[in-house]
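Have a look at start-v3.tsv below; it lists TSV, C-alpha atoms.
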```tsv
chain	number	residue	atom	x	y	z
A	1	MET	CA	-15.00	44.48	261.51
A	2	ASP	CA	-13.71	42.79	258.35
A	3	ALA	CA	-14.38	43.80	254.76
A	4	PHE	CA	-17.15	41.22	254.40
A	5	GLN	CA	-19.09	42.43	257.41
A	6	ALA	CA	-18.55	46.02	256.33
A	7	ILE	CA	-20.11	45.54	252.90
A	8	ALA	CA	-22.98	43.41	254.22
A	9	ASP	CA	-24.90	46.57	255.14
A	10	PRO	CA	-26.88	48.36	252.36
A	11	SER	CA	-26.13	51.86	253.68
A	12	ARG	CA	-22.42	51.14	253.75
A	13	ARG	CA	-22.58	49.75	250.22
A	14	GLU	CA	-24.31	52.97	249.17
A	15	ILE	CA	-21.50	54.99	250.78
A	16	LEU	CA	-18.92	52.94	248.87
A	17	ARG	CA	-20.91	53.41	245.67
A	18	LEU	CA	-20.96	57.20	246.16
A	19	LEU	CA	-17.24	57.23	246.95
A	20	SER	CA	-16.49	55.14	243.87
A	21	ARG	CA	-17.58	58.19	241.83
A	22	ASP	CA	-15.65	60.77	243.78
A	23	THR	CA	-14.07	61.69	247.07
A	24	MET	CA	-16.66	63.30	249.32
A	25	THR	CA	-16.81	65.12	252.62
A	26	ILE	CA	-18.64	63.45	255.49
A	27	ASN	CA	-21.25	66.23	255.34
A	28	ALA	CA	-21.83	65.74	251.62
A	29	LEU	CA	-22.19	61.99	252.15
A	30	ALA	CA	-24.68	62.53	254.95
A	31	ASP	CA	-26.85	64.65	252.64
A	32	ASN	CA	-27.53	61.51	250.60
A	33	PHE	CA	-29.17	59.69	253.50
A	34	ASP	CA	-32.35	60.12	255.49
A	35	MET	CA	-30.68	58.85	258.64
A	36	SER	CA	-29.11	61.13	261.22
A	37	ARG	CA	-25.62	62.49	260.74
A	38	PRO	CA	-24.25	60.51	263.73
A	39	ALA	CA	-25.69	57.34	262.15
A	40	VAL	CA	-23.90	58.11	258.87
A	41	SER	CA	-20.72	58.85	260.82
A	42	LYS	CA	-20.99	55.45	262.48
A	43	HIS	CA	-21.15	53.71	259.10
A	44	ILE	CA	-18.19	55.75	257.87
A	45	LYS	CA	-16.22	54.71	260.95
A	46	ALA	CA	-17.09	51.07	260.25
A	47	LEU	CA	-15.86	51.34	256.66
A	48	ASP	CA	-12.73	53.09	257.89
A	49	SER	CA	-11.99	50.38	260.45
A	50	ALA	CA	-12.50	47.70	257.78
A	51	GLY	CA	-9.90	49.52	255.69
A	52	LEU	CA	-12.28	50.13	252.79
A	53	ILE	CA	-12.07	53.91	253.03
A	54	SER	CA	-9.73	56.41	254.61
A	55	ILE	CA	-10.56	59.77	256.13
A	56	GLN	CA	-8.39	62.80	255.50
A	57	ASN	CA	-8.62	66.25	256.96
A	58	ILE	CA	-8.24	68.86	254.28
A	59	GLY	CA	-8.70	72.37	255.62
A	60	LYS	CA	-11.75	72.39	257.83
A	61	GLU	CA	-13.39	69.48	256.06
A	62	ARG	CA	-13.06	65.74	256.58
A	63	TYR	CA	-12.91	63.86	253.27
A	64	CYS	CA	-13.70	60.19	252.70
A	65	ILE	CA	-11.64	58.39	250.08
A	66	LEU	CA	-12.13	54.90	248.73
A	67	ASN	CA	-9.16	52.86	249.81
A	68	GLN	CA	-8.07	50.33	247.26
A	69	GLU	CA	-5.82	48.49	249.68
A	70	GLY	CA	-8.90	47.41	251.59
A	71	PHE	CA	-10.00	45.53	248.51
A	72	ASP	CA	-6.71	43.70	248.24
A	73	GLU	CA	-7.60	41.13	250.89
A	74	LEU	CA	-7.76	38.44	248.24
A	75	GLN	CA	-4.22	39.17	247.12
A	76	GLU	CA	-3.08	38.88	250.74
A	77	TRP	CA	-4.76	35.52	250.90
A	78	ILE	CA	-2.99	34.34	247.76
A	79	ASP	CA	0.33	35.57	249.12
A	80	TYR	CA	-0.38	33.78	252.36
A	81	PHE	CA	-1.00	30.46	250.63
A	82	ASP	CA	2.08	30.86	248.46
A	83	THR	CA	4.25	30.97	251.58
A	84	PHE	CA	2.11	28.32	253.26
A	85	TRP	CA	2.67	25.78	250.47
A	86	LYS	CA	6.38	26.47	250.25
A	87	SER	CA	6.86	25.70	253.94
A	88	LYS	CA	4.58	22.64	253.78
A	89	LEU	CA	6.40	21.16	250.79
A	90	LYS	CA	9.69	21.70	252.57
A	91	LYS	CA	8.23	19.80	255.50
A	92	LEU	CA	7.15	16.95	253.23
A	93	GLU	CA	10.64	16.76	251.79
A	94	MET	CA	12.17	16.55	255.26
A	95	LEU	CA	9.63	13.94	256.30
A	96	LEU	CA	10.33	11.74	253.27
A	97	ASN	CA	14.09	12.03	253.66
A	98	GLU	CA	13.85	11.24	257.34
A	99	LYS	CA	11.94	8.05	256.57
A	100	ALA	CA	14.38	7.09	253.78
A	101	GLY	CA	17.26	7.50	256.22
A	102	LYS	CA	15.86	4.97	258.65
B	1	MET	CA	-1.63	40.55	239.77
B	2	ASN	CA	-0.84	36.87	239.93
B	3	ARG	CA	-3.86	34.85	240.99
B	4	ASP	CA	-2.38	31.38	240.65
B	5	ILE	CA	0.07	29.64	242.92
B	6	VAL	CA	2.40	27.17	241.28
B	7	HIS	CA	5.16	25.25	243.03
B	8	ARG	CA	7.42	22.59	241.57
B	9	TRP	CA	9.27	20.34	243.97
B	10	GLN	CA	11.71	17.50	243.35
B	11	PHE	CA	11.71	14.46	245.63
B	12	ARG	CA	14.11	11.54	245.62
B	13	GLN	CA	11.28	9.13	246.41
B	14	SER	CA	9.08	7.38	243.85
B	15	PRO	CA	5.70	8.76	242.75
B	16	GLU	CA	4.03	5.89	244.64
B	17	ILE	CA	5.55	6.99	247.94
B	18	VAL	CA	4.79	10.66	247.34
B	19	TRP	CA	1.23	9.69	246.33
B	20	GLU	CA	0.74	7.91	249.66
B	21	HIS	CA	1.77	11.09	251.46
B	22	LEU	CA	-0.85	13.02	249.52
B	23	THR	CA	-3.73	10.60	249.95
B	24	LYS	CA	-3.39	8.80	253.30
B	25	PRO	CA	-4.80	10.93	256.14
B	26	GLU	CA	-2.19	9.81	258.70
B	27	LEU	CA	0.69	10.58	256.32
B	28	LEU	CA	-0.82	13.78	254.92
B	29	SER	CA	-1.43	15.14	258.41
B	30	GLN	CA	2.27	14.72	259.23
B	31	TRP	CA	3.25	17.51	256.86
B	32	LEU	CA	0.08	19.41	255.92
B	33	MET	CA	-2.91	19.47	258.28
B	34	ALA	CA	-5.25	17.13	260.13
B	35	ASN	CA	-7.68	15.71	257.57
B	36	ASP	CA	-10.00	12.87	256.57
B	37	ILE	CA	-9.09	12.58	252.89
B	38	LYS	CA	-9.92	9.55	250.73
B	39	PRO	CA	-8.69	9.34	247.16
B	40	GLU	CA	-12.20	8.84	245.76
B	41	VAL	CA	-13.92	11.24	243.40
B	42	GLY	CA	-16.81	12.94	245.18
B	43	HIS	CA	-15.42	12.32	248.69
B	44	LYS	CA	-15.94	15.37	250.87
B	45	PHE	CA	-13.33	16.01	253.54
B	46	ARG	CA	-11.86	18.72	255.74
B	47	PHE	CA	-8.52	20.07	256.74
B	48	THR	CA	-8.46	21.63	260.17
B	49	THR	CA	-5.97	24.14	261.45
B	50	ASN	CA	-5.77	27.34	263.48
B	51	PRO	CA	-8.18	30.10	262.49
B	52	LEU	CA	-6.79	33.12	260.64
B	53	LEU	CA	-8.95	35.92	261.93
B	54	LYS	CA	-7.30	38.50	259.73
B	55	PHE	CA	-8.65	36.76	256.64
B	56	GLY	CA	-12.03	35.78	258.06
B	57	PHE	CA	-11.04	32.12	258.08
B	58	ASP	CA	-12.36	29.82	260.83
B	59	GLY	CA	-9.63	27.19	260.47
B	60	ILE	CA	-11.59	24.64	258.45
B	61	VAL	CA	-10.86	23.97	254.78
B	62	TYR	CA	-13.78	22.26	253.05
B	63	CYS	CA	-12.70	20.02	250.20
B	64	GLU	CA	-14.20	17.68	247.66
B	65	VAL	CA	-12.12	15.26	245.62
B	66	LEU	CA	-12.56	16.06	241.93
B	67	GLU	CA	-9.95	13.96	240.17
B	68	VAL	CA	-7.96	10.85	241.12
B	69	ASP	CA	-5.43	9.16	238.85
B	70	PRO	CA	-2.91	7.29	241.02
B	71	PRO	CA	-0.03	7.96	241.22
B	72	LYS	CA	-0.16	10.84	238.76
B	73	ARG	CA	-2.85	13.34	239.49
B	74	LEU	CA	-5.09	14.42	242.35
B	75	SER	CA	-7.30	17.45	242.56
B	76	TYR	CA	-9.77	18.79	245.08
B	77	SER	CA	-11.73	21.93	245.77
B	78	TRP	CA	-10.43	24.10	248.61
B	79	LYS	CA	-12.98	26.34	250.29
B	80	GLY	CA	-12.94	28.35	253.47
B	81	GLY	CA	-14.72	31.12	255.26
B	82	PRO	CA	-15.50	32.80	258.56
B	83	GLY	CA	-17.89	30.04	259.69
B	84	ASN	CA	-21.67	29.51	259.63
B	85	GLY	CA	-21.34	27.90	256.22
B	86	LYS	CA	-20.24	31.18	254.63
B	87	ILE	CA	-17.63	30.65	251.95
B	88	ALA	CA	-15.21	33.49	251.35
B	89	LEU	CA	-12.50	31.58	249.55
B	90	ASP	CA	-13.31	29.20	246.72
B	91	SER	CA	-10.29	27.65	245.03
B	92	LEU	CA	-8.83	24.50	243.52
B	93	VAL	CA	-5.78	22.44	244.45
B	94	THR	CA	-4.20	20.12	241.89
B	95	TRP	CA	-1.24	17.80	242.43
B	96	THR	CA	0.61	16.33	239.45
B	97	LEU	CA	3.32	13.71	239.98
B	98	THR	CA	5.87	12.91	237.30
B	99	LEU	CA	8.63	10.31	237.41
B	100	LYS	CA	11.87	12.24	236.92
B	101	ASP	CA	15.54	11.31	237.47
B	102	GLY	CA	14.53	8.26	239.47
B	103	GLY	CA	12.46	10.41	241.82
B	104	THR	CA	9.31	12.49	241.62
B	105	GLU	CA	8.64	15.93	240.34
B	106	LEU	CA	5.64	17.21	242.23
B	107	LEU	CA	3.69	20.07	240.73
B	108	LEU	CA	1.27	21.94	242.95
B	109	GLU	CA	-1.26	24.31	241.44
B	110	HIS	CA	-3.53	26.30	243.72
B	111	THR	CA	-5.82	28.22	241.39
B	112	GLY	CA	-9.23	29.73	240.73
B	113	PHE	CA	-9.13	32.09	243.67
B	114	SER	CA	-12.45	33.80	243.90
B	115	GLY	CA	-14.76	34.74	246.69
B	116	MET	CA	-14.00	38.43	247.09
B	117	LYS	CA	-14.09	38.57	243.33
B	118	ASN	CA	-17.53	37.01	243.19
B	119	TYR	CA	-18.79	39.15	245.99
B	120	PHE	CA	-17.73	42.39	244.34
B	121	GLY	CA	-18.99	41.16	241.00
B	122	TYR	CA	-22.35	40.59	242.60
B	123	LEU	CA	-22.31	44.03	244.21
B	124	MET	CA	-21.41	45.71	240.97
B	125	MET	CA	-24.20	44.03	239.08
B	126	LYS	CA	-26.65	44.75	241.82
B	127	ASN	CA	-25.73	48.37	242.32
B	128	GLY	CA	-24.38	49.23	238.90
B	129	TRP	CA	-21.04	50.48	240.10
B	130	GLY	CA	-19.48	53.15	237.96
B	131	SER	CA	-16.61	52.81	235.54
B	132	LYS	CA	-14.19	54.42	237.96
B	133	ILE	CA	-14.42	51.65	240.49
B	134	ARG	CA	-14.38	49.08	237.72
B	135	LYS	CA	-11.01	50.46	236.71
B	136	ARG	CA	-9.73	50.68	240.25
B	137	LEU	CA	-10.73	47.15	241.04
B	138	GLY	CA	-9.99	45.89	237.56
B	139	ALA	CA	-6.92	43.90	238.53
B	140	LEU	CA	-8.76	42.28	241.38
B	141	LEU	CA	-11.99	41.53	239.58
B	142	ALA	CA	-10.53	40.16	236.38
B	143	GLY	CA	-10.05	36.44	236.55
B	144	PRO	CA	-6.94	34.71	235.18
B	145	GLY	CA	-6.69	35.03	231.42
B	146	LYS	CA	-10.01	36.81	231.14
```
Mind turning the file's structure into C-alpha coordinates?
Amino acid sequence: MDAFQAIADPSRREILRLLSRDTMTINALADNFDMSRPAVSKHIKALDSAGLISIQNIGKERYCILNQEGFDELQEWIDYFDTFWKSKLKKLEMLLNEKAGK
Amino acid sequence: MNRDIVHRWQFRQSPEIVWEHLTKPELLSQWLMANDIKPEVGHKFRFTTNPLLKFGFDGIVYCEVLEVDPPKRLSYSWKGGPGNGKIALDSLVTWTLTLKDGGTELLLEHTGFSGMKNYFGYLMMKNGWGSKIRKRLGALLAGPGK
(Lines of atoms letter the chains of each structure in order from A and count residues from 1; the text may use other names and numbers.)
(Lines give C-alpha, C1' and ligand atoms only; values in the text may rest on other atoms or scores of the structure.)
Protein backbone atom coordinates (compact mmCIF):
# COMPACT_ATOMS: atom_id res chain seq x y z
CA MET A 1 0.00 0.00 0.00
CA ASP A 2 1.36 3.45 -0.87
CA ALA A 3 0.97 6.64 1.14
CA PHE A 4 -1.94 7.81 -1.00
CA GLN A 5 -3.97 4.66 -0.50
CA ALA A 6 -3.13 4.69 3.18
CA ILE A 7 -4.51 8.17 3.79
CA ALA A 8 -7.58 7.60 1.62
CA ASP A 9 -9.34 5.92 4.56
CA PRO A 10 -11.03 8.16 7.19
CA SER A 11 -10.11 5.89 10.13
CA ARG A 12 -6.47 5.89 9.12
CA ARG A 13 -6.51 9.67 8.77
CA GLU A 14 -7.96 9.85 12.28
CA ILE A 15 -5.12 7.63 13.54
CA LEU A 16 -2.57 9.94 11.89
CA ARG A 17 -4.33 12.95 13.37
CA LEU A 18 -4.15 11.43 16.88
CA LEU A 19 -0.49 10.52 16.39
CA SER A 20 0.30 14.03 15.17
CA ARG A 21 -0.46 15.18 18.74
CA ASP A 22 1.53 12.52 20.51
CA THR A 23 2.97 9.05 20.37
CA MET A 24 0.36 6.53 21.51
CA THR A 25 0.14 2.87 22.36
CA ILE A 26 -1.97 0.65 20.12
CA ASN A 27 -4.37 0.12 23.04
CA ALA A 28 -4.76 3.86 23.64
CA LEU A 29 -5.41 4.40 19.93
CA ALA A 30 -8.01 1.65 19.88
CA ASP A 31 -9.89 3.37 22.73
CA ASN A 32 -10.66 6.22 20.33
CA PHE A 33 -12.59 4.01 17.93
CA ASP A 34 -15.86 2.10 18.05
CA MET A 35 -14.47 -0.63 15.84
CA SER A 36 -12.90 -3.80 17.19
CA ARG A 37 -9.30 -3.86 18.34
CA PRO A 38 -8.25 -6.22 15.51
CA ALA A 39 -9.80 -3.77 13.02
CA VAL A 40 -7.77 -0.91 14.51
CA SER A 41 -4.67 -3.11 14.42
CA LYS A 42 -5.28 -3.74 10.74
CA HIS A 43 -5.35 -0.01 10.01
CA ILE A 44 -2.19 0.48 12.05
CA LYS A 45 -0.48 -2.26 10.05
CA ALA A 46 -1.56 -0.54 6.83
CA LEU A 47 -0.10 2.79 7.97
CA ASP A 48 3.06 1.00 9.06
CA SER A 49 3.46 -0.73 5.69
CA ALA A 50 2.93 2.59 3.90
CA GLY A 51 5.77 3.99 6.00
CA LEU A 52 3.62 6.70 7.58
CA ILE A 53 4.07 5.41 11.12
CA SER A 54 6.48 3.11 12.88
CA ILE A 55 5.79 0.75 15.76
CA GLN A 56 8.19 0.43 18.65
CA ASN A 57 8.11 -1.92 21.57
CA ILE A 58 8.83 -0.09 24.79
CA GLY A 59 8.53 -2.33 27.82
CA LYS A 60 5.37 -4.34 27.48
CA GLU A 61 3.64 -1.77 25.32
CA ARG A 62 3.67 -1.25 21.56
CA TYR A 63 3.89 2.45 20.65
CA CYS A 64 2.89 4.05 17.35
CA ILE A 65 4.98 6.98 16.18
CA LEU A 66 4.33 9.26 13.25
CA ASN A 67 7.09 8.67 10.75
CA GLN A 68 8.15 11.79 8.94
CA GLU A 69 10.12 9.89 6.32
CA GLY A 70 6.86 8.47 5.02
CA PHE A 71 5.82 12.00 4.15
CA ASP A 72 8.99 12.63 2.20
CA GLU A 73 7.78 10.84 -0.91
CA LEU A 74 7.59 14.13 -2.75
CA GLN A 75 11.23 14.87 -2.04
CA GLU A 76 12.13 11.43 -3.40
CA TRP A 77 10.21 12.28 -6.52
CA ILE A 78 12.08 15.55 -6.94
CA ASP A 79 15.39 13.77 -6.41
CA TYR A 80 14.37 11.19 -8.95
CA PHE A 81 13.63 13.79 -11.61
CA ASP A 82 16.85 15.65 -10.88
CA THR A 83 18.84 12.54 -11.81
CA PHE A 84 16.42 11.75 -14.64
CA TRP A 85 16.97 15.11 -16.36
CA LYS A 86 20.72 14.98 -15.94
CA SER A 87 20.93 11.64 -17.72
CA LYS A 88 18.46 12.73 -20.42
CA LEU A 89 20.35 15.94 -21.17
CA LYS A 90 23.56 13.95 -21.42
CA LYS A 91 21.80 11.72 -23.91
CA LEU A 92 20.66 14.74 -25.94
CA GLU A 93 24.22 16.04 -26.01
CA MET A 94 25.51 12.71 -27.29
CA LEU A 95 22.75 12.53 -29.87
CA LEU A 96 23.47 16.03 -31.21
CA ASN A 97 27.22 15.43 -31.35
CA GLU A 98 26.70 12.12 -33.09
CA LYS A 99 24.63 13.82 -35.77
CA ALA A 100 27.15 16.67 -36.14
CA GLY A 101 29.91 14.11 -36.65
CA LYS A 102 28.19 12.52 -39.62
CA MET B 1 14.34 21.45 1.09
CA ASN B 2 14.86 22.29 -2.55
CA ARG B 3 11.65 21.94 -4.53
CA ASP B 4 12.92 23.18 -7.88
CA ILE B 5 15.10 21.38 -10.37
CA VAL B 6 17.35 23.56 -12.48
CA HIS B 7 19.86 22.30 -15.03
CA ARG B 8 22.02 24.36 -17.37
CA TRP B 9 23.56 22.60 -20.33
CA GLN B 10 25.84 23.90 -23.08
CA PHE B 11 25.49 22.55 -26.62
CA ARG B 12 27.69 23.28 -29.62
CA GLN B 13 24.65 23.30 -31.91
CA SER B 14 22.49 26.32 -32.70
CA PRO B 15 19.29 27.13 -30.80
CA GLU B 16 17.32 26.18 -33.93
CA ILE B 17 18.71 22.64 -33.90
CA VAL B 18 18.23 22.23 -30.16
CA TRP B 19 14.69 23.61 -30.52
CA GLU B 20 13.88 20.92 -33.09
CA HIS B 21 15.01 18.28 -30.63
CA LEU B 22 12.65 19.70 -28.03
CA THR B 23 9.59 20.07 -30.23
CA LYS B 24 9.61 17.34 -32.90
CA PRO B 25 8.18 14.07 -31.52
CA GLU B 26 10.55 11.83 -33.51
CA LEU B 27 13.61 13.79 -32.36
CA LEU B 28 12.41 14.30 -28.78
CA SER B 29 11.69 10.60 -28.38
CA GLN B 30 15.29 9.79 -29.32
CA TRP B 31 16.60 11.25 -26.07
CA LEU B 32 13.63 11.75 -23.74
CA MET B 33 10.52 9.58 -24.07
CA ALA B 34 7.92 8.54 -26.64
CA ASN B 35 5.55 11.48 -27.09
CA ASP B 36 3.11 13.33 -29.35
CA ILE B 37 4.21 16.90 -28.70
CA LYS B 38 3.30 19.85 -30.94
CA PRO B 39 4.73 23.29 -30.27
CA GLU B 40 1.28 24.91 -30.07
CA VAL B 41 -0.12 26.57 -26.99
CA GLY B 42 -2.99 24.50 -25.61
CA HIS B 43 -1.86 21.26 -27.27
CA LYS B 44 -2.29 18.33 -24.91
CA PHE B 45 0.19 15.50 -25.24
CA ARG B 46 1.70 12.57 -23.37
CA PHE B 47 5.06 11.11 -22.62
CA THR B 48 5.02 7.38 -22.07
CA THR B 49 7.60 5.36 -20.22
CA ASN B 50 7.90 2.52 -17.73
CA PRO B 51 5.74 2.79 -14.61
CA LEU B 52 7.44 3.67 -11.33
CA LEU B 53 5.41 1.74 -8.82
CA LYS B 54 7.36 3.07 -5.88
CA PHE B 55 6.08 6.57 -6.59
CA GLY B 56 2.56 5.61 -7.64
CA PHE B 57 3.30 6.57 -11.24
CA ASP B 58 1.67 4.62 -14.08
CA GLY B 59 4.22 5.59 -16.73
CA ILE B 60 2.22 8.32 -18.45
CA VAL B 61 3.12 12.00 -18.15
CA TYR B 62 0.20 14.25 -19.08
CA CYS B 63 1.29 17.56 -20.53
CA GLU B 64 -0.22 20.71 -21.95
CA VAL B 65 1.81 23.26 -23.89
CA LEU B 66 1.65 26.59 -22.08
CA GLU B 67 4.21 28.76 -23.82
CA VAL B 68 5.92 28.64 -27.23
CA ASP B 69 8.46 31.19 -28.43
CA PRO B 70 10.72 29.53 -31.02
CA PRO B 71 13.62 29.04 -30.67
CA LYS B 72 13.84 30.60 -27.23
CA ARG B 73 11.28 29.31 -24.81
CA LEU B 74 8.96 26.35 -24.37
CA SER B 75 6.95 25.40 -21.35
CA TYR B 76 4.43 22.71 -20.55
CA SER B 77 2.65 21.24 -17.57
CA TRP B 78 3.92 17.87 -16.37
CA LYS B 79 1.44 15.73 -14.48
CA GLY B 80 1.43 12.12 -13.43
CA GLY B 81 -0.26 9.70 -11.12
CA PRO B 82 -1.12 6.09 -10.34
CA GLY B 83 -3.76 5.86 -13.10
CA ASN B 84 -7.56 6.21 -13.28
CA GLY B 85 -7.13 9.93 -13.92
CA LYS B 86 -5.72 10.50 -10.43
CA ILE B 87 -3.00 13.12 -10.42
CA ALA B 88 -0.35 12.81 -7.74
CA LEU B 89 2.32 14.96 -9.30
CA ASP B 90 1.52 18.38 -10.73
CA SER B 91 4.52 20.31 -12.01
CA LEU B 92 5.85 22.58 -14.73
CA VAL B 93 8.69 22.14 -17.21
CA THR B 94 10.26 25.18 -18.86
CA TRP B 95 13.02 25.20 -21.47
CA THR B 96 14.94 28.39 -22.22
CA LEU B 97 17.42 28.50 -25.10
CA THR B 98 20.07 31.20 -25.34
CA LEU B 99 22.63 31.71 -28.08
CA LYS B 100 26.02 31.52 -26.38
CA ASP B 101 29.58 31.11 -27.71
CA GLY B 102 28.24 30.07 -31.10
CA GLY B 103 26.19 27.30 -29.52
CA THR B 104 23.20 27.04 -27.21
CA GLU B 105 22.85 27.34 -23.51
CA LEU B 106 19.83 25.28 -22.56
CA LEU B 107 18.18 26.00 -19.24
CA LEU B 108 15.76 23.45 -17.86
CA GLU B 109 13.50 24.34 -14.96
CA HIS B 110 11.24 21.69 -13.50
CA THR B 111 9.23 23.48 -10.83
CA GLY B 112 5.98 23.81 -8.92
CA PHE B 113 6.06 20.34 -7.47
CA SER B 114 2.86 19.77 -5.62
CA GLY B 115 0.45 16.92 -5.30
CA MET B 116 1.44 15.48 -1.93
CA LYS B 117 1.58 19.06 -0.77
CA ASN B 118 -1.94 19.76 -1.94
CA TYR B 119 -3.22 16.52 -0.55
CA PHE B 120 -1.84 17.17 2.92
CA GLY B 121 -2.98 20.76 2.76
CA TYR B 122 -6.45 19.51 2.05
CA LEU B 123 -6.28 17.01 4.90
CA MET B 124 -5.08 19.62 7.33
CA MET B 125 -7.86 22.01 6.46
CA LYS B 126 -10.41 19.27 6.61
CA ASN B 127 -9.28 17.76 9.86
CA GLY B 128 -7.67 20.74 11.52
CA TRP B 129 -4.32 19.12 12.11
CA GLY B 130 -2.46 20.37 15.12
CA SER B 131 0.52 22.68 15.23
CA LYS B 132 2.89 19.82 15.91
CA ILE B 133 2.32 18.17 12.58
CA ARG B 134 2.35 21.54 10.87
CA LYS B 135 5.86 21.99 12.19
CA ARG B 136 6.94 18.48 11.33
CA LEU B 137 5.66 18.75 7.82
CA GLY B 138 6.51 22.41 7.49
CA ALA B 139 9.38 21.91 5.07
CA LEU B 140 7.26 19.69 2.89
CA LEU B 141 4.10 21.75 2.93
CA ALA B 142 5.65 25.15 2.38
CA GLY B 143 5.87 26.00 -1.27
CA PRO B 144 8.92 27.67 -2.82
CA GLY B 145 9.42 31.18 -1.51
CA LYS B 146 6.26 31.09 0.55
| So which one's closest to chain A, B:Ala34, B:Leu53, B:Val61, B:Val41? Using only C-alpha atoms, please. |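 Among the listed residues, the smallest separation from chain A belongs to B:Leu53.
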Exercise answer, chain A residues close to chain B, 7 Å and all atoms listed in the file, as a PDB file with C-alpha atoms, in the coordinates of the input:
```pdb
ATOM      1  CA  ARG A  17     -20.910  53.410 245.670  1.00  0.00           C
ATOM      2  CA  SER A  20     -16.490  55.140 243.870  1.00  0.00           C
ATOM      3  CA  ARG A  21     -17.580  58.190 241.830  1.00  0.00           C
ATOM      4  CA  LEU A  74      -7.760  38.440 248.240  1.00  0.00           C
ATOM      5  CA  ILE A  78      -2.990  34.340 247.760  1.00  0.00           C
ATOM      6  CA  ASP A  82       2.080  30.860 248.460  1.00  0.00           C
ATOM      7  CA  LYS A  88       4.580  22.640 253.780  1.00  0.00           C
ATOM      8  CA  LYS A  91       8.230  19.800 255.500  1.00  0.00           C
ATOM      9  CA  LEU A  92       7.150  16.950 253.230  1.00  0.00           C
ATOM     10  CA  GLU A  93      10.640  16.760 251.790  1.00  0.00           C
TER      11      GLU A  93
END
```
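Put simply, CA of Ile15 in chain A is 24.2 Å away from CA of Lys86 in chain B.
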| Test item: residues at most 8 Å from Trp78 in chain B, all atoms listed in the file, excluding those fewer than 2 positions along its chain, as an MDAnalysis selection string | chainID B and resid 61:64 76 80 89:93
| Separation of CA of Arg12 in chain A from CA of Ala46 in chain A in Å |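 Result for CA of Ala46 in chain A versus CA of Arg12 in chain A: 8.4 Å, one decimal.
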| query | Taking into account all atoms listed in the file, which residue in the set A:Leu29, A:Ser49, A:Lys60, A:Leu66 is nearest to Leu16 in chain A? | reply | A:Leu66
| task | Go ahead and compute the interatomic distance for CA of Glu26 in chain B and CA of Arg46 in chain B, in Å to one decimal. | result |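 Computed distance, CA of Glu26 in chain B to CA of Arg46 in chain B, equals 13.5 Å.
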